[in-house]
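What follows is run-v4.txt (compact mmCIF, C-alpha atoms (C1' of nucleotides)).
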# COMPACT_ATOMS: atom_id res chain seq x y z
CA MET A 194 -23.88 -94.13 -36.57
CA LYS A 195 -25.43 -90.81 -35.92
CA THR A 196 -23.83 -90.12 -32.60
CA LYS A 197 -21.10 -87.92 -33.91
CA SER A 198 -23.42 -85.43 -35.51
CA GLY A 199 -26.53 -86.07 -33.51
CA MET A 200 -27.97 -84.62 -30.36
CA THR A 201 -25.64 -86.08 -27.78
CA GLN A 202 -22.15 -87.36 -27.52
CA ASN A 203 -21.64 -90.65 -25.78
CA SER A 204 -18.75 -91.04 -23.39
CA GLU A 205 -16.41 -92.27 -26.11
CA ASP A 206 -17.11 -89.26 -28.28
CA LEU A 207 -16.49 -87.01 -25.35
CA ARG A 208 -13.28 -88.74 -24.49
CA ALA A 209 -12.11 -88.23 -28.04
CA ILE A 210 -13.02 -84.55 -27.97
CA PHE A 211 -10.93 -84.05 -24.87
CA HIS A 212 -7.99 -86.09 -26.06
CA ALA A 213 -7.88 -84.31 -29.40
CA LYS A 214 -6.73 -81.25 -27.51
CA ARG A 215 -4.62 -83.10 -24.99
CA LEU A 216 -7.09 -82.41 -22.24
CA LYS A 217 -7.93 -84.89 -19.57
CA CYS A 218 -11.35 -86.41 -19.34
CA THR A 219 -11.93 -85.84 -15.67
CA PRO A 220 -14.98 -86.63 -13.57
CA GLN A 221 -15.29 -82.97 -12.63
CA ARG A 222 -15.50 -81.84 -16.23
CA LEU A 223 -17.94 -84.58 -17.07
CA ALA A 224 -20.05 -83.69 -14.06
CA VAL A 225 -20.35 -80.05 -15.08
CA LEU A 226 -21.40 -81.04 -18.56
CA LYS A 227 -23.82 -83.64 -17.25
CA VAL A 228 -25.50 -81.19 -14.92
CA LEU A 229 -26.02 -78.77 -17.79
CA LYS A 230 -27.32 -81.48 -20.09
CA GLU A 231 -29.77 -82.76 -17.54
CA SER A 232 -31.14 -79.40 -16.62
CA ARG A 233 -31.99 -78.28 -20.14
CA ALA A 234 -31.87 -74.72 -18.88
CA TYR A 235 -29.43 -71.95 -18.29
CA LEU A 236 -27.69 -72.32 -14.99
CA SER A 237 -25.86 -69.68 -13.05
CA ILE A 238 -22.47 -70.45 -11.61
CA ASN A 239 -23.90 -70.86 -8.15
CA MET A 240 -26.62 -73.24 -9.24
CA LEU A 241 -24.08 -75.20 -11.24
CA ASP A 242 -21.74 -75.34 -8.30
CA LYS A 243 -24.54 -76.60 -6.08
CA LYS A 244 -25.65 -79.32 -8.51
CA VAL A 245 -22.13 -80.40 -9.33
CA LYS A 246 -21.36 -80.80 -5.64
CA GLU A 247 -24.44 -82.99 -5.31
CA MET A 248 -23.28 -85.17 -8.18
CA LEU A 249 -19.63 -85.19 -7.22
CA PRO A 250 -19.10 -84.10 -3.63
CA GLY A 251 -15.90 -82.25 -2.92
CA THR A 252 -15.72 -80.48 -6.24
CA GLY A 253 -14.38 -76.99 -5.74
CA LEU A 254 -15.89 -73.80 -7.09
CA ALA A 255 -12.67 -72.91 -8.89
CA THR A 256 -12.86 -76.23 -10.67
CA VAL A 257 -16.36 -75.46 -11.85
CA TYR A 258 -15.11 -72.20 -13.32
CA ARG A 259 -12.18 -73.96 -14.92
CA ALA A 260 -14.34 -76.74 -16.31
CA LEU A 261 -16.71 -74.21 -17.86
CA GLU A 262 -13.83 -72.41 -19.48
CA THR A 263 -12.52 -75.65 -20.92
CA LEU A 264 -15.92 -76.84 -22.07
CA GLU A 265 -16.51 -73.50 -23.74
CA GLU A 266 -13.24 -73.76 -25.61
CA LEU A 267 -14.26 -77.21 -26.77
CA GLY A 268 -17.54 -75.82 -28.03
CA LEU A 269 -19.56 -78.03 -25.71
CA VAL A 270 -20.93 -75.20 -23.60
CA VAL A 271 -21.90 -71.60 -24.27
CA LYS A 272 -21.84 -68.63 -21.98
CA VAL A 273 -25.00 -66.60 -22.12
CA HIS A 274 -25.92 -63.12 -21.03
CA LEU A 275 -29.15 -62.68 -19.18
CA GLU A 276 -31.23 -59.54 -19.24
CA ASP A 277 -30.04 -58.40 -15.85
CA GLY A 278 -26.44 -58.58 -16.97
CA CYS A 279 -25.50 -61.79 -15.20
CA HIS A 280 -23.82 -64.73 -16.84
CA SER A 281 -25.09 -68.23 -17.07
CA TYR A 282 -24.16 -71.33 -18.96
CA ALA A 283 -25.89 -73.87 -21.15
CA VAL A 284 -24.96 -76.83 -23.34
CA ALA A 285 -23.99 -75.63 -26.77
CA PRO A 286 -26.61 -76.33 -29.41
CA GLU A 287 -25.64 -78.37 -32.46
CA GLY A 288 -24.85 -76.33 -35.53
CA HIS A 289 -25.70 -72.67 -35.82
CA MET A 290 -28.61 -72.02 -33.51
CA HIS A 291 -29.86 -69.43 -31.12
CA PRO A 292 -31.61 -69.90 -27.81
CA ILE A 293 -34.99 -68.79 -26.67
CA VAL A 294 -34.92 -68.43 -22.92
CA CYS A 295 -38.09 -68.66 -20.90
CA THR A 296 -38.03 -65.73 -18.53
CA GLU A 297 -40.09 -67.69 -15.99
CA CYS A 298 -38.42 -71.06 -15.74
CA SER A 299 -35.09 -70.49 -17.55
CA LYS A 300 -35.79 -73.35 -19.88
CA VAL A 301 -34.00 -73.14 -23.21
CA ILE A 302 -35.32 -73.90 -26.65
CA ASP A 303 -32.90 -73.60 -29.53
CA PHE A 304 -33.99 -72.45 -32.94
CA ALA A 305 -32.13 -72.75 -36.18
CA GLU A 306 -33.70 -70.10 -38.34
CA CYS A 307 -30.98 -67.53 -38.01
CA PRO A 308 -31.93 -64.49 -40.02
CA LEU A 309 -28.46 -63.02 -39.97
CA GLY A 310 -26.67 -64.68 -42.82
CA GLU A 311 -28.08 -62.55 -45.59
CA LEU A 312 -28.43 -59.53 -43.36
CA SER A 313 -24.74 -59.70 -42.55
CA GLU A 314 -23.82 -59.69 -46.20
CA LYS A 315 -26.10 -56.76 -46.86
CA LEU A 316 -24.66 -54.82 -43.95
CA THR A 317 -21.11 -55.56 -44.99
CA HIS A 318 -21.96 -54.22 -48.41
CA ASP A 319 -23.89 -51.18 -47.18
CA THR A 320 -21.74 -50.08 -44.30
CA GLY A 321 -18.30 -51.36 -45.18
CA ILE A 322 -18.11 -53.22 -41.92
CA GLU A 323 -16.94 -56.75 -42.22
CA ILE A 324 -19.32 -58.72 -40.01
CA GLN A 325 -17.48 -61.46 -38.20
CA ASN A 326 -19.85 -62.72 -35.62
CA HIS A 327 -23.16 -62.12 -33.97
CA PHE A 328 -24.90 -62.73 -30.73
CA LEU A 329 -28.63 -63.34 -30.62
CA GLN A 330 -30.96 -64.48 -27.90
CA LEU A 331 -34.71 -64.32 -27.60
CA PHE A 332 -36.62 -64.04 -24.39
CA GLY A 333 -40.19 -65.15 -23.90
CA LYS A 334 -42.63 -67.19 -21.92
CA CYS A 335 -42.94 -70.86 -22.76
CA ARG A 336 -46.17 -72.76 -23.12
CA ASP A 337 -45.97 -74.33 -19.69
CA CYS A 338 -45.36 -71.05 -17.95
CA ARG A 339 -48.25 -69.36 -19.66
CA ALA A 340 -50.75 -71.77 -18.15
CA MET B 85 -38.32 -28.60 -34.02
CA LYS B 86 -36.82 -32.00 -34.41
CA THR B 87 -34.96 -32.14 -31.16
CA LYS B 88 -37.52 -34.21 -29.35
CA SER B 89 -37.48 -37.06 -31.82
CA GLY B 90 -34.11 -36.48 -33.40
CA MET B 91 -30.63 -37.69 -32.66
CA THR B 92 -29.91 -35.77 -29.51
CA GLN B 93 -31.75 -34.26 -26.61
CA ASN B 94 -30.84 -30.73 -25.66
CA SER B 95 -30.48 -29.84 -21.99
CA GLU B 96 -34.13 -28.88 -21.65
CA ASP B 97 -35.30 -32.19 -23.05
CA LEU B 98 -33.00 -34.00 -20.68
CA ARG B 99 -34.18 -31.96 -17.74
CA ALA B 100 -37.75 -32.90 -18.61
CA ILE B 101 -36.87 -36.56 -18.87
CA PHE B 102 -35.39 -36.53 -15.41
CA HIS B 103 -38.16 -34.51 -13.84
CA ALA B 104 -40.86 -36.70 -15.31
CA LYS B 105 -39.62 -39.41 -12.95
CA ARG B 106 -38.83 -37.09 -10.08
CA LEU B 107 -35.14 -37.55 -10.57
CA LYS B 108 -32.66 -34.77 -10.16
CA CYS B 109 -30.76 -33.45 -13.09
CA THR B 110 -27.31 -33.54 -11.55
CA PRO B 111 -23.98 -32.64 -13.11
CA GLN B 112 -22.71 -36.15 -12.41
CA ARG B 113 -25.51 -37.79 -14.37
CA LEU B 114 -25.11 -35.33 -17.19
CA ALA B 115 -21.37 -35.91 -17.25
CA VAL B 116 -21.75 -39.67 -17.58
CA LEU B 117 -24.17 -39.23 -20.45
CA LYS B 118 -21.99 -36.62 -22.11
CA VAL B 119 -18.91 -38.82 -21.97
CA LEU B 120 -20.82 -41.64 -23.62
CA LYS B 121 -22.25 -39.35 -26.29
CA GLU B 122 -18.89 -37.89 -27.13
CA SER B 123 -17.08 -41.17 -27.34
CA ARG B 124 -19.42 -42.88 -29.83
CA ALA B 125 -18.11 -46.19 -28.60
CA TYR B 126 -18.74 -48.69 -25.88
CA LEU B 127 -17.00 -47.75 -22.71
CA SER B 128 -16.15 -49.97 -19.81
CA ILE B 129 -16.88 -48.80 -16.31
CA ASN B 130 -13.25 -48.01 -15.71
CA MET B 131 -12.88 -45.97 -18.86
CA LEU B 132 -16.10 -44.16 -18.05
CA ASP B 133 -14.94 -43.48 -14.54
CA LYS B 134 -11.68 -42.09 -15.86
CA LYS B 135 -13.32 -39.80 -18.42
CA VAL B 136 -16.03 -38.63 -16.06
CA LYS B 137 -13.41 -37.70 -13.50
CA GLU B 138 -11.64 -35.64 -16.18
CA MET B 139 -14.85 -33.83 -17.00
CA LEU B 140 -16.04 -33.47 -13.42
CA PRO B 141 -13.22 -34.03 -10.95
CA GLY B 142 -14.23 -35.56 -7.67
CA THR B 143 -16.94 -37.78 -9.06
CA GLY B 144 -16.93 -41.10 -7.25
CA LEU B 145 -16.99 -44.52 -8.82
CA ALA B 146 -20.15 -45.46 -6.99
CA THR B 147 -21.82 -42.44 -8.50
CA VAL B 148 -20.84 -43.55 -11.97
CA TYR B 149 -22.46 -46.90 -11.30
CA ARG B 150 -25.55 -45.21 -9.93
CA ALA B 151 -25.76 -42.79 -12.82
CA LEU B 152 -25.56 -45.63 -15.32
CA GLU B 153 -28.32 -47.46 -13.54
CA THR B 154 -30.51 -44.38 -13.62
CA LEU B 155 -29.73 -43.57 -17.24
CA GLU B 156 -30.50 -47.12 -18.20
CA GLU B 157 -33.88 -46.93 -16.50
CA LEU B 158 -34.58 -43.75 -18.39
CA GLY B 159 -33.72 -45.48 -21.63
CA LEU B 160 -30.86 -43.10 -22.36
CA VAL B 161 -28.12 -45.68 -22.03
CA VAL B 162 -27.83 -49.38 -22.75
CA LYS B 163 -25.72 -51.99 -21.11
CA VAL B 164 -23.94 -54.23 -23.59
CA HIS B 165 -22.27 -57.57 -23.36
CA LEU B 166 -18.94 -57.97 -25.03
CA GLU B 167 -17.62 -61.22 -26.38
CA ASP B 168 -15.34 -61.82 -23.45
CA GLY B 169 -18.25 -61.55 -21.06
CA CYS B 170 -17.52 -58.09 -19.73
CA HIS B 171 -20.04 -55.28 -19.56
CA SER B 172 -19.79 -51.91 -21.16
CA TYR B 173 -22.16 -49.05 -21.77
CA ALA B 174 -23.24 -46.94 -24.71
CA VAL B 175 -25.83 -44.27 -25.46
CA ALA B 176 -29.13 -45.86 -26.34
CA PRO B 177 -29.93 -45.69 -30.04
CA GLU B 178 -33.13 -43.99 -31.14
CA GLY B 179 -35.96 -46.34 -31.90
CA HIS B 180 -35.47 -50.06 -32.32
CA MET B 181 -31.90 -50.62 -33.42
CA HIS B 182 -29.04 -52.96 -32.85
CA PRO B 183 -25.38 -52.21 -32.57
CA ILE B 184 -22.47 -53.39 -34.63
CA VAL B 185 -19.38 -53.26 -32.51
CA CYS B 186 -15.98 -52.99 -34.08
CA THR B 187 -13.84 -55.58 -32.39
CA GLU B 188 -10.73 -53.46 -32.99
CA CYS B 189 -11.67 -49.96 -31.89
CA SER B 190 -14.97 -50.53 -30.00
CA LYS B 191 -16.73 -48.04 -32.21
CA VAL B 192 -20.46 -48.56 -32.49
CA ILE B 193 -22.65 -48.33 -35.54
CA ASP B 194 -26.36 -48.83 -35.03
CA PHE B 195 -28.51 -50.46 -37.63
CA ALA B 196 -32.26 -50.43 -37.88
CA GLU B 197 -32.97 -53.43 -40.06
CA CYS B 198 -34.03 -55.74 -37.30
CA PRO B 199 -34.98 -59.07 -38.81
CA LEU B 200 -36.73 -60.31 -35.72
CA GLY B 201 -40.22 -58.89 -35.97
CA GLU B 202 -41.59 -61.42 -38.38
CA LEU B 203 -39.35 -64.19 -37.10
CA SER B 204 -40.72 -63.67 -33.61
CA GLU B 205 -44.26 -64.06 -34.82
CA LYS B 206 -43.36 -67.19 -36.71
CA LEU B 207 -41.61 -68.66 -33.71
CA THR B 208 -44.47 -67.82 -31.40
CA HIS B 209 -46.76 -69.61 -33.79
CA ASP B 210 -44.49 -72.61 -34.36
CA THR B 211 -43.21 -73.21 -30.88
CA GLY B 212 -45.91 -71.82 -28.65
CA ILE B 213 -43.45 -69.57 -26.93
CA GLU B 214 -44.57 -66.01 -26.58
CA ILE B 215 -41.55 -63.97 -27.61
CA GLN B 216 -41.25 -60.91 -25.47
CA ASN B 217 -37.87 -59.49 -26.19
CA HIS B 218 -34.61 -60.11 -27.95
CA PHE B 219 -31.01 -59.23 -27.72
CA LEU B 220 -28.89 -58.85 -30.82
CA GLN B 221 -25.44 -57.52 -31.41
CA LEU B 222 -23.10 -57.91 -34.34
CA PHE B 223 -19.36 -57.89 -34.17
CA GLY B 224 -17.07 -56.98 -37.01
CA LYS B 225 -14.22 -54.86 -38.22
CA CYS B 226 -15.01 -51.36 -39.41
CA ARG B 227 -13.65 -49.76 -42.55
CA ASP B 228 -11.01 -47.75 -40.71
CA CYS B 229 -9.67 -50.73 -38.84
CA ARG B 230 -9.39 -52.82 -41.97
CA ALA B 231 -6.93 -50.41 -43.53
C1' DC C 248 -35.00 -15.11 -3.88
C1' DA C 249 -34.68 -17.77 0.58
C1' DT C 250 -36.14 -22.17 2.75
C1' DA C 251 -36.91 -26.92 3.62
C1' DC C 252 -36.80 -31.37 2.24
C1' DA C 253 -35.98 -35.32 -0.30
C1' DA C 254 -32.77 -37.05 -3.56
C1' DT C 255 -28.04 -37.53 -4.47
C1' DT C 256 -23.23 -37.77 -3.63
C1' DG C 257 -18.34 -39.22 -1.98
C1' DA C 258 -15.60 -42.26 0.52
C1' DG C 259 -14.75 -46.25 2.14
C1' DA C 260 -16.48 -50.59 3.91
C1' DA C 261 -18.74 -54.72 2.65
C1' DT C 262 -20.12 -58.07 -0.54
C1' DC C 263 -20.05 -60.61 -4.36
C1' DT C 264 -17.66 -62.77 -8.48
C1' DT C 265 -13.74 -64.51 -10.69
C1' DT C 266 -8.90 -65.66 -10.90
C1' DC C 267 -4.62 -67.16 -8.96
C1' DT C 268 -1.32 -69.98 -6.19
C1' DC C 269 0.59 -74.13 -4.87
C1' DA C 270 0.96 -78.52 -2.93
C1' DA C 271 -1.37 -82.88 -3.56
C1' DT C 272 -3.72 -85.84 -6.76
C1' DT C 273 -4.86 -88.22 -10.89
C1' DG C 274 -5.49 -89.40 -15.91
C1' DC C 275 -3.16 -91.59 -19.45
C1' DG C 276 0.61 -92.60 -22.76
C1' DA C 277 4.44 -95.57 -22.86
C1' DT D 286 2.61 -100.51 -13.70
C1' DC D 287 5.26 -96.05 -13.88
C1' DG D 288 6.20 -91.28 -14.52
C1' DC D 289 4.89 -86.99 -15.92
C1' DA D 290 2.09 -83.36 -17.15
C1' DA D 291 -2.48 -81.82 -16.44
C1' DT D 292 -5.86 -81.10 -13.03
C1' DT D 293 -7.79 -80.35 -8.60
C1' DG D 294 -9.12 -78.31 -3.82
C1' DA D 295 -8.67 -74.78 -0.65
C1' DG D 296 -7.96 -70.57 0.42
C1' DA D 297 -5.83 -66.20 -0.74
C1' DA D 298 -6.01 -62.45 -3.93
C1' DA D 299 -7.86 -59.51 -7.21
C1' DG D 300 -11.69 -57.27 -9.42
C1' DA D 301 -16.34 -55.76 -9.84
C1' DT D 302 -20.43 -54.08 -7.77
C1' DT D 303 -23.31 -52.62 -4.00
C1' DC D 304 -24.11 -50.68 0.48
C1' DT D 305 -23.84 -47.29 4.36
C1' DC D 306 -24.14 -42.90 6.15
C1' DA D 307 -23.11 -38.26 6.95
C1' DA D 308 -22.72 -34.18 4.09
C1' DT D 309 -24.31 -31.84 0.05
C1' DT D 310 -27.33 -30.09 -3.43
C1' DG D 311 -31.32 -29.72 -6.80
C1' DT D 312 -35.94 -28.04 -6.78
C1' DA D 313 -40.67 -27.14 -5.45
C1' DT D 314 -42.81 -23.87 -2.66
C1' DG D 315 -43.79 -19.84 -0.79

How does this structure look as structure tokens?
Amino acid sequence: MKTKSGMTQNSEDLRAIFHAKRLKCTPQRLAVLKVLKESRAYLSINMLDKKVKEMLPGTGLATVYRALETLEELGLVVKVHLEDGCHSYAVAPEGHMHPIVCTECSKVIDFAECPLGELSEKLTHDTGIEIQNHFLQLFGKCRDCRA
Amino acid sequence: MKTKSGMTQNSEDLRAIFHAKRLKCTPQRLAVLKVLKESRAYLSINMLDKKVKEMLPGTGLATVYRALETLEELGLVVKVHLEDGCHSYAVAPEGHMHPIVCTECSKVIDFAECPLGELSEKLTHDTGIEIQNHFLQLFGKCRDCRA
DNA sequence: CATACAATTGAGAATCTTTCTCAATTGCGA
DNA sequence: TCGCAATTGAGAAAGATTCTCAATTGTATG
């Protein structure tokens, strides 16, 4: 009952998401998503590639790239920018949320209290710029890593 | 009188900034900074390279990369992440500010009303994560580009 | 102002990272 | 089950970034 809006999609939900856009539900795409879901952290392309190959041997690097692109278009995965300028990927949070990334262990905690709704309106009014989008990430050290 | 804390450093200020870290004040580094200051917009490496070569013919691409790295360390320049995942560079704003990037013309407007100070404290308290840093950018369409 | 030295530079090679190509394979609708 | 369009693997290609090294150039020092 709650699957469609809840934390995780089951395989049927996923299948529907793919088919709605005439995309195939392939083991490679599922593997990439599964790896990200299981890790609960940002993963670089190389780490992803490594873990996907463990889960589904033979998967090519190009396929990992392509799967990420597809999953991003479907809103299932987000690309993130790390402080050093590199890219990584994570499962997309539900609803409008922003991630807190632990700088030690790369774990991700999403938070929903986005302070930008009202600020955007104010800025649009003050500056004449029509705010369309924003990108926000926090970096910190999680409880475990502080011990 | 206000140069040291105001909008722009004059050449003497700059010289001091370099020398404080035993770095040379070279025409190449100055050119990269000048191009960024004059453009008032995010510039990709290639655009920077092009404009720097116009200002100081013979400057190599590697030097542009190295200058950006140095200027970033000095806090004079910031690396930014665009929506498509590419990197660009801009002059660092004074104080704690965040940029609004016009998605049409790449112009940058900095704003100072960072809503994250109090939110960070709240999150640290609620989640146990010690927030160290954050990254925030807004995207929108500026007045000129809406006409 | 001349000198010496360490930092910096230019050019191209080397090393990633990401995309593209194309034949072979595989989901999936009919 | 069949046929077709979408997808994949592998490697080539393209792009982005860093490295190497000899030559050059700021700058502190005298």

Box for range 295-307 of chain D: with edges along x, y and z, all listed atoms inside and 5 Å added on each side, what are the centre and edge lengths in Å to one decimal, as JSON?
{"center_x": -15.0, "center_y": -56.5, "center_z": -1.4, "size_x": 28.3, "size_y": 46.5, "size_z": 26.8}

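Across the model, the gap from CA of Gly159 in chain B to CA of Ala104 in chain B is 13.0 Å.
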
Please identify all polymer residues within 9 Å of range 229-246 of chain A, counting only C-alpha atoms (C1' of nucleotides), omitting same-chain residues fewer than 6 positions from it, and present them as a VMD selection string. chain A and resid 221 252 to 254 257 to 258 270 273 279 to 284 294 to 295 298 to 302

Could you tell me which residues of chain A sit within 7 Å of chain B when counting all atoms listed in the file, and give me the result as a VMD selection string? chain A and resid 308 321 to 336

Kindly assemble as a Markdown table a list of the chain C residues that lie within 9 Å of chain A, each paired with its nearest atom pair and their distance in Å to one decimal, using all atoms listed in the file, sorted first by chain and then by ascending residue number.
| residue | atom | partner | partner_atom | distance |
| --- | --- | --- | --- | --- |
| C:DT265 | C1' | A:Tyr258 | CA | 8.2 |
| C:DT266 | C1' | A:Ala255 | CA | 8.4 |
| C:DT273 | C1' | A:Thr219 | CA | 8.9 |
| C:DG274 | C1' | A:Lys217 | CA | 6.3 |
| C:DC275 | C1' | A:Lys217 | CA | 8.2 |

Dump as a Markdown table the rows for residues of chain D within 12 Å of chain B: closest atom pair and distance in Å with one decimal, all atoms listed in the file counted, ordered by chain and rising residue number.
| residue | atom | partner | partner_atom | distance |
| --- | --- | --- | --- | --- |
| D:DG300 | C1' | B:Asn130 | CA | 11.3 |
| D:DA301 | C1' | B:Ile129 | CA | 9.5 |
| D:DT302 | C1' | B:Tyr149 | CA | 8.3 |
| D:DT303 | C1' | B:Ala146 | CA | 8.4 |
| D:DC304 | C1' | B:Ala146 | CA | 9.9 |
| D:DT310 | C1' | B:Thr110 | CA | 8.8 |
| D:DG311 | C1' | B:Lys108 | CA | 6.2 |
| D:DT312 | C1' | B:Lys108 | CA | 8.2 |
| D:DA313 | C1' | B:Arg106 | CA | 11.1 |

Rounded to one decimal place, report the C1' of DT292 in chain D-CA of Thr256 in chain A distance in Å. 8.8 Å

Save N, CA and C atoms of range 197-224 of chain B from the block above as a CSV table (one decimal), in the first residue's frame.
chain,number,residue,atom,x,y,z
B,197,GLU,N,22.7,36.1,1.9
B,197,GLU,CA,21.7,35.6,2.9
B,197,GLU,C,21.8,34.1,3.0
B,198,CYS,N,22.8,33.6,3.6
B,198,CYS,CA,23.0,32.2,3.7
B,198,CYS,C,22.1,31.7,4.8
B,199,PRO,N,21.2,30.8,4.5
B,199,PRO,CA,20.2,30.3,5.5
B,199,PRO,C,20.8,29.1,6.3
B,200,LEU,N,22.1,28.8,6.1
B,200,LEU,CA,22.5,27.5,6.7
B,200,LEU,C,23.2,27.6,8.0
B,201,GLY,N,23.4,28.8,8.5
B,201,GLY,CA,24.1,28.9,9.8
B,201,GLY,C,23.2,28.2,10.9
B,202,GLU,N,22.0,28.7,11.1
B,202,GLU,CA,21.2,28.1,12.1
B,202,GLU,C,20.7,26.7,11.8
B,203,LEU,N,20.5,26.5,10.5
B,203,LEU,CA,20.1,25.1,10.1
B,203,LEU,C,21.2,24.1,10.5
B,204,SER,N,22.4,24.5,10.2
B,204,SER,CA,23.5,23.6,10.6
B,204,SER,C,23.5,23.2,12.0
B,205,GLU,N,23.3,24.2,12.8
B,205,GLU,CA,23.3,24.0,14.3
B,205,GLU,C,22.2,23.0,14.7
B,206,LYS,N,21.0,23.3,14.1
B,206,LYS,CA,19.9,22.4,14.4
B,206,LYS,C,20.2,21.0,13.9
B,207,LEU,N,20.7,20.9,12.8
B,207,LEU,CA,21.0,19.5,12.2
B,207,LEU,C,22.0,18.8,13.1
B,208,THR,N,23.0,19.5,13.5
B,208,THR,CA,24.1,18.9,14.3
B,208,THR,C,23.4,18.4,15.6
B,209,HIS,N,22.5,19.2,16.1
B,209,HIS,CA,21.8,18.8,17.4
B,209,HIS,C,20.9,17.6,17.1
B,210,ASP,N,20.1,17.7,16.1
B,210,ASP,CA,19.1,16.7,15.8
B,210,ASP,C,19.8,15.3,15.4
B,211,THR,N,20.7,15.4,14.5
B,211,THR,CA,21.2,14.2,13.9
B,211,THR,C,22.5,13.7,14.4
B,212,GLY,N,23.2,14.5,15.2
B,212,GLY,CA,24.5,14.1,15.7
B,212,GLY,C,25.6,14.2,14.8
B,213,ILE,N,25.3,14.8,13.6
B,213,ILE,CA,26.4,15.0,12.6
B,213,ILE,C,27.0,16.4,12.8
B,214,GLU,N,28.2,16.4,12.9
B,214,GLU,CA,28.9,17.7,13.0
B,214,GLU,C,29.1,18.4,11.7
B,215,ILE,N,28.3,19.3,11.3
B,215,ILE,CA,28.3,20.0,10.0
B,215,ILE,C,29.6,20.8,10.0
B,216,GLN,N,30.4,20.6,8.9
B,216,GLN,CA,31.6,21.3,8.8
B,216,GLN,C,31.6,22.3,7.6
B,217,ASN,N,30.7,22.1,6.7
B,217,ASN,CA,30.9,22.9,5.4
B,217,ASN,C,29.6,22.7,4.6
B,218,HIS,N,29.3,23.5,3.7
B,218,HIS,CA,28.2,23.3,2.8
B,218,HIS,C,28.5,23.9,1.5
B,219,PHE,N,27.7,23.4,0.5
B,219,PHE,CA,27.9,23.9,-0.8
B,219,PHE,C,26.5,24.2,-1.4
B,220,LEU,N,26.3,25.5,-1.8
B,220,LEU,CA,25.0,25.9,-2.2
B,220,LEU,C,25.1,26.8,-3.4
B,221,GLN,N,24.4,26.5,-4.4
B,221,GLN,CA,24.3,27.3,-5.6
B,221,GLN,C,22.8,27.4,-6.0
B,222,LEU,N,22.4,28.6,-6.6
B,222,LEU,CA,21.1,28.7,-7.1
B,222,LEU,C,21.2,28.9,-8.6
B,223,PHE,N,20.2,28.4,-9.3
B,223,PHE,CA,20.2,28.6,-10.8
B,223,PHE,C,18.9,29.3,-11.1
B,224,GLY,N,19.0,30.2,-12.1
B,224,GLY,CA,17.8,30.9,-12.5
B,224,GLY,C,18.0,31.7,-13.7
